[in-house]
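Q: Dropping a structure here in structure tokens format, bear with me for questions.
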Amino acid sequence: MNLAVVGGGPAGLMAAEAAAGAGARVTLFEAMPTPGRKLLRAGVGGLNLTRDASAEACLALCSHPERLRPFLAAFGPAEVRAWADGLGADTFVGSSGKVFPRAMKAAPLLRAWLARLADLGVEIRARRRWAGWHGDALAFDGPEGPETFAADATVLALGGPSWPRLGGNGDWAAALGGVALAPWRPANCGFDVAWSETFRARFAGTPVPTATFRFGDRALRGNATVTAHGVEGGAVYALAAALRDAIAAEGSAVLTLDLAPDRTETDIARALARPRGARSFATHLRRAGFEGVRAALAREAVPGFDALAPAAQARALKALPLRLAAPRPLAEAISAAGGVAWSAVDERLMLRARPGVFVAGEMLDWEAPTGGYLITACLATGRAAGFAAARQPSGQLAPASEVH
Ligand SMILES: Cc1cc2nc3c(=O)[nH]c(=O)nc-3n(C[C@H](O)[C@H](O)[C@H](O)COP(=O)(O)OP(=O)(O)OC[C@H]3O[C@@H](n4cnc5c(N)ncnc54)[C@H](O)[C@@H]3O)c2cc1C
């Protein structure tokens, strides 16, 4: 069995490991000079590999949980952690159940992984950008021009179009031909806010102290950063899918911030009602506990904030309405929603229109918040696709029971 894996991110590398482990001769093609660039970039934030949680708890935060369930049931957070430890990552559980390698970066894990793949006989051919098919063979743009490769089965793991400088730009959509695709949308992204020039000049790049962020029926305590365009950061990313969809439906969305989650409205109103004397309003606000970006946000987001009664000011500080105009572009997003439609693949991730060709990772139409869910589901789908492809002589279906 001569198996091609195209795309050297977490999904493709795991597909290669699974297929080679199942006895296939695996050749992995990667467009960039080296594989795993997005994984390495994820390592800059510590490489949140997975969660200290059940597969079901992870699925609750993923879109299309019913389609992802079998893959996470076979290779969920516990298996991801054991696998990473097996590569010497020595994982630990950080804040809120996030699992990281002790080195807090991806390079050592990636190095160990590539060494394991080499031991399994996986050949990596870098600088090959997949361009579609030439007859039944895979067609690539290689360093010396067009190349073809005849495979008995193929796993495509080409990622989404976020952060295109890391290799994936979604160009494979055209190469795939008539396969149904859900439109790309930014996920885990920042948003545009129409800041005044004064606010933007002074606060772009400033972190907002811990606040509670609310949208719809969700509220979470976390952090965000003011950017030149608007806001970004963990708490915003966690609510991003709902915010993005609301903006698409209604033109804008209002994210509500409780700027003082540990104080009551009454306590804040009492502090603001103290006689101001000759002090400036900024000093008065500071003495009530609001200074810097928090005070500026209130004055920016609530017209006439300074002239409001203390009770109304306190109400605004506990529920500051931030109008978001648009998600930031896909190229800036941590991940992408959209991609190969679930209707286009069978339960083993094989393209219905192309028997013997499997799809895995972020190029499939699902999304999840940051926090380890993305890498976990990429590894799980990559593993399932690799196993299924290795047991899949071209055109003949293996029983589903053999897949996991
Ligand atoms: C800044 C940042 C931080 C992140 N942090 C985390 C985190 O902490 N935890 C987490 O779970 N997730 C995180 N993610 C998301 C995670 O990295 C991705 O979800 C994951 O890498 C997707 O894996 P993949 O294998 O599907 O695709 P990718 O990692 O994108 O890999 C796809 C590969 O295919 C190659 N390729 C693309 N097109 C072609 C082509 N036509 N021919 C040949 N090769 C091609 C690309 O060069 C790339 O190497 C982060 C992402 C970013 C951008």
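Every chain in the structure tokens takes a letter, A first, then B, and so on in the order presented; its residues are numbered from 1, and the ligands are numbered from 1 following the presented order.
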Excluding segment 92-103 of chain A and its own-chain neighbours fewer than 3 positions away, which residues fall within 6 Å of it when counting only C-alpha atoms? Please give them as a list in words.

A: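 Here the answer would be Leu47, Asn48, Leu49, Thr50, Arg51, Asp52 and Ala89 of chain A.
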
Q: If you run DSSP over the backbone, which residues in segment 150-394 of chain A end up alpha helix (DSSP H)? Put them as an NGL selection string.

A: :A and (172-176 or 197-203 or 234-250 or 265-273 or 281-287 or 292-301 or 310-318 or 373-390)

Q: Can you work out which residues are within 7 Å of ligand 1, considering only C-alpha atoms and all ligand atoms, and then hand them over as number ranges by chain?

A: A: 6-12, 29-32, 35-39, 41-43, 45-50, 128-131, 157-160, 162-163, 166-172, 333-335, 360-363, 370-376, 378

Q: Show me, as a list in words, the residues that have an atom within 10 Å of segment 303-307 of chain A when counting only C-alpha atoms, minus same-chain residues fewer than 2 positions from it.

A: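 Residues near the query, excluding close chain neighbours: Phe281, Ala282, Leu285, Ala298, Arg299, Glu300, Ala301, Ala309, Pro310, Ala312, Gln313, Ala316 and Leu317 of chain A.
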
Q: Take the residues just selected and output them with N, CA and C atoms as a compact mmCIF listing (two decimals), in the first residue's frame.

A:
# COMPACT_ATOMS: atom_id res chain seq x y z
N PHE A 281 -12.81 64.93 36.59
CA PHE A 281 -13.62 63.70 36.56
C PHE A 281 -12.71 62.47 36.46
N ALA A 282 -11.60 62.60 35.72
CA ALA A 282 -10.67 61.47 35.58
C ALA A 282 -10.12 61.06 36.96
N LEU A 285 -12.90 59.34 38.91
CA LEU A 285 -13.07 57.94 38.44
C LEU A 285 -11.96 57.06 38.99
N ALA A 298 -14.97 53.18 29.23
CA ALA A 298 -16.30 53.64 29.63
C ALA A 298 -16.64 54.94 28.92
N ARG A 299 -15.70 55.84 28.88
CA ARG A 299 -15.96 57.15 28.27
C ARG A 299 -16.06 57.03 26.75
N GLU A 300 -15.39 56.02 26.19
CA GLU A 300 -15.42 55.80 24.73
C GLU A 300 -16.73 55.13 24.31
N ALA A 301 -17.17 54.16 25.12
CA ALA A 301 -18.31 53.33 24.68
C ALA A 301 -19.66 53.92 25.06
N ALA A 309 -25.60 60.18 36.02
CA ALA A 309 -25.69 60.06 37.48
C ALA A 309 -24.83 58.87 37.93
N PRO A 310 -24.29 58.88 39.15
CA PRO A 310 -23.43 57.79 39.61
C PRO A 310 -24.06 56.40 39.43
N ALA A 312 -26.14 55.42 37.14
CA ALA A 312 -26.09 55.06 35.71
C ALA A 312 -24.65 54.76 35.29
N GLN A 313 -23.71 55.50 35.84
CA GLN A 313 -22.29 55.22 35.53
C GLN A 313 -21.91 53.83 36.03
N ALA A 316 -23.27 51.25 33.78
CA ALA A 316 -22.50 51.16 32.53
C ALA A 316 -21.18 50.42 32.76
N LEU A 317 -20.53 50.67 33.88
CA LEU A 317 -19.25 50.01 34.14
C LEU A 317 -19.43 48.49 34.36

Q: Which residue, A:Gly356, A:Leu109, A:Ala311, A:Pro329, has the smallest gap to Ala4 of chain A when you use only C-alpha atoms?

A: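 Result for the nearest residue to Ala4 of chain A: A:Gly356.
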
Q: Env of segment 221-225 of chain A: 10 Å cut, atoms = only C-alpha atoms, seq-sep filter 2 positions within chain, self excluded. Answer as a PyMOL selection string.

A: chain A and resi 190+203-214+219+227-228+230-238+257-258+261+293

Q: When you count only C-alpha atoms, which of these residues is closest to Glu123 of chain A: A:Leu13, A:Ala180, A:Val26, A:Ala139?

A: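 Of A:Leu13, A:Ala180, A:Val26, A:Ala139, the one nearest Glu123 of chain A is A:Val26, counting only C-alpha atoms.
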